[in-house]
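Remarks on the structure that follows.
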Amino acid sequence: MKLFAVCLGASAVGICIGNGYAATASEALFDATGPHGAWYASRAAGVASYLFLWLGLVGGLMMSSAWFDGIIGRARLLAMHQSASIAGVLLGLAHGLVLTQDHWTHFGLFDVLVPFGSYYKPLLTAVGTLVLYLSAVVSASFWFRRRMGTRAWKLLHYTSFAAFGGAFWHGIMTGTDAHQPWMLGVYFVTTLSVVFGVMVRITYRRPAVRRQTVTLAADARAA
């Protein structure tokens with residue numbers, strides 16, 4: 001719950017900056033980096049958000065597949081899955097809110113927080129906003145699994161694939177660096193790894209020999 005409170009606090013600070021309550025400090029910070037400081041910061045936050053959402057999704061796939069047992073501990077994978085997902089949400093929020101401090105564009109809170117409310121490419125911008133909200137809901141469900149029930153929780157978690165796909169589409173269609181070779185490489189590696197993780201999750205079955213070994217060991221102890 002402490003981590004949840006920290007996340008809410010960070011989100012509140014970001015909203016305050018977007019509303020102008022901390023405008024003086026934020027403008028001084030971005031002005032010190034040049035006239036396009038906020039624009040560069042937003043681009044960096046967007047790419048980082050995408051990478052953390054990808055890391056959270058891959059961590060979840062690795063954790064749910066027995067193929068990775070013995071390579072990375074499940075407790076460590078769970079920590080990576082949760083932390084990366086939350087970081088992706090917060091960086092996604094920063095990606096949108098920092099734009100409100102840019103002097104060369106005209107984004108306001110309505111543009112970045114309300115789906116289809118942006119003056120710039122409203123459909124593609126709305127995809128990014130919806131990805132942010134969906135990812136936030138999925139991340140928050142970590143603390144409500146028992147109340148939701150396992151089945152409902154799993155169904156909600158499956159929407160992480162839709163969120164990742166939306167983040168990919170939003171980035172490649174609107175991102176300033178989307179068609180740079182290094183960014184295309186990032187998109188290729190991340191999508192390929194997700195496809196690989198899904199295929200492993202669907203097709204891999206733990207070898208029966210391992211289960212038989214465990215059974216024989218248990219019988220030996222009982223004897």
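For the structure tokens, the naming scheme is as follows: chains receive sequential letters (A, B, ...) according to their order of presentation, residues are indexed from 1 within each chain, and ligands are indexed from 1 in presentation order.
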
Margin query: At a cut-off of 12 Å, using only C-alpha atoms, what residues contact Ser42 (chain A)? Leave out same-chain residues fewer than 4 positions from it and give the result as a PyMOL selection string.
Written below: chain A and resi 30+36-38+46-49+91-102+105+107+112+175-177

Note to self: I'd like the contact shell of Phe164 (chain A) - 10 Å cut-off, only C-alpha atoms, skipping same-chain residues fewer than 3 positions apart - returned as a VMD selection string.
What the structure shows: chain A and resid 50 to 51 53 to 54 56 to 57 131 134 to 135 159 to 161 167 to 170 190 to 191 194

Atoms to include: C-alpha atoms. Write the selected residues as a PDB file, in the first residue's frame.
```
ATOM      1  CA  TYR A  50       6.646   2.307 -23.698  1.00  0.00           C
ATOM      2  CA  LEU A  51       9.747   0.376 -22.621  1.00  0.00           C
ATOM      3  CA  LEU A  53       5.095  -1.177 -20.181  1.00  0.00           C
ATOM      4  CA  TRP A  54       6.839  -3.710 -22.393  1.00  0.00           C
ATOM      5  CA  GLY A  56       6.054  -5.268 -17.270  1.00  0.00           C
ATOM      6  CA  LEU A  57       4.221  -7.321 -19.886  1.00  0.00           C
ATOM      7  CA  VAL A 131      -3.616   3.244 -23.001  1.00  0.00           C
ATOM      8  CA  LEU A 134      -6.160   1.075 -19.089  1.00  0.00           C
ATOM      9  CA  SER A 135      -2.597   0.491 -17.884  1.00  0.00           C
ATOM     10  CA  THR A 159      -6.132  -6.322 -21.536  1.00  0.00           C
ATOM     11  CA  SER A 160      -2.436  -5.562 -20.973  1.00  0.00           C
ATOM     12  CA  PHE A 161      -1.896  -6.859 -24.501  1.00  0.00           C
ATOM     13  CA  ALA A 167       1.116   2.120 -26.990  1.00  0.00           C
ATOM     14  CA  PHE A 168       2.923   0.687 -30.008  1.00  0.00           C
ATOM     15  CA  TRP A 169       0.380   2.161 -32.434  1.00  0.00           C
ATOM     16  CA  HIS A 170       0.341   5.541 -30.696  1.00  0.00           C
ATOM     17  CA  THR A 190       9.888  -5.445 -28.139  1.00  0.00           C
ATOM     18  CA  THR A 191       7.073  -6.754 -30.333  1.00  0.00           C
ATOM     19  CA  VAL A 194       6.110 -10.281 -26.728  1.00  0.00           C
TER      20      VAL A 194
END
```

Check: Could you name the residues that touch Gly59 (chain A) at 10 Å or less, counting only C-alpha atoms, but leaving out those on the same chain fewer than 5 positions away, as number ranges by chain?
Finding: A: 53-54, 64, 74, 76-82, 84-85, 194, 197

Notebook entry, point to check: Of the residues A:Val58, A:Ala44, A:Met173, A:Ile202, which is the one nearest to Leu124 (chain A), using only C-alpha atoms?
Noted result: A:Met173

Notebook entry, point to check: Could you name the residues that touch Asp111 (chain A) at 10 Å or less, counting only C-alpha atoms, but leaving out those on the same chain fewer than 3 positions away, as an NGL selection string?
Noted result: :A and (96-97 or 99-100 or 106-108 or 114-120 or 122 or 125-126 or 129)

For the selection just defined, write its residues with C-alpha atoms to a file, as a PDB file, in the first residue's frame.
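Contents of part_36.pdb, freshly written:
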```
ATOM      1  CA  GLY A  96       1.369  13.992 -21.550  1.00  0.00           C
ATOM      2  CA  LEU A  97       1.565  16.529 -18.724  1.00  0.00           C
ATOM      3  CA  LEU A  99       3.620  18.892 -22.997  1.00  0.00           C
ATOM      4  CA  THR A 100       1.486  21.492 -21.241  1.00  0.00           C
ATOM      5  CA  HIS A 106      -0.750  24.224 -27.516  1.00  0.00           C
ATOM      6  CA  PHE A 107      -1.537  21.182 -25.400  1.00  0.00           C
ATOM      7  CA  GLY A 108      -3.595  21.724 -22.271  1.00  0.00           C
ATOM      8  CA  VAL A 114      -9.577  13.624 -22.165  1.00  0.00           C
ATOM      9  CA  PRO A 115      -9.831  11.008 -24.939  1.00  0.00           C
ATOM     10  CA  PHE A 116     -10.598  12.594 -28.331  1.00  0.00           C
ATOM     11  CA  GLY A 117     -10.213  16.041 -26.749  1.00  0.00           C
ATOM     12  CA  SER A 118      -6.905  16.927 -28.401  1.00  0.00           C
ATOM     13  CA  TYR A 119      -6.691  19.438 -31.219  1.00  0.00           C
ATOM     14  CA  TYR A 120      -3.795  17.418 -32.700  1.00  0.00           C
ATOM     15  CA  PRO A 122      -7.481  13.423 -31.886  1.00  0.00           C
ATOM     16  CA  THR A 125      -3.805  11.004 -29.250  1.00  0.00           C
ATOM     17  CA  ALA A 126      -6.893   9.373 -27.743  1.00  0.00           C
ATOM     18  CA  THR A 129      -4.736   8.522 -23.352  1.00  0.00           C
TER      19      THR A 129
END
```

Next item on the list: For Ile86 (chain A), list every protein, DNA or RNA residue within 8 Å, evaluated using only C-alpha atoms, and leave out those in the same chain fewer than 3 positions away; present the list as a list in words.
Entry: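 Result of the neighbour search: Cys7, Gln82, Ser83, Val89, Leu90, Ala136 and Ser139 of chain A.
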
Note to self: So, with only C-alpha atoms as the atoms that count, which of A:Leu156, A:Phe52, A:Pro181, A:Met63 lies closest to Phe142 (chain A)?
What the structure shows: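 Residue with the minimum atom-to-atom distance to Phe142 (chain A): A:Leu156.
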
Check: Quick one: distance from CA of Ala75 (chain A) to CA of Leu55 (chain A) in Å, one decimal?
Finding: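 Taking CA of Ala75 (chain A) as the start and CA of Leu55 (chain A) as the end point, the length is 15.4 Å.
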
Item checked: Minimum-distance residue to Met199 (chain A), chosen among A:Arg43, A:Gln180, A:Thr150, A:Ser65 (using only C-alpha atoms) ->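 Using only C-alpha atoms, Met199 (chain A) sits closest to A:Ser65.
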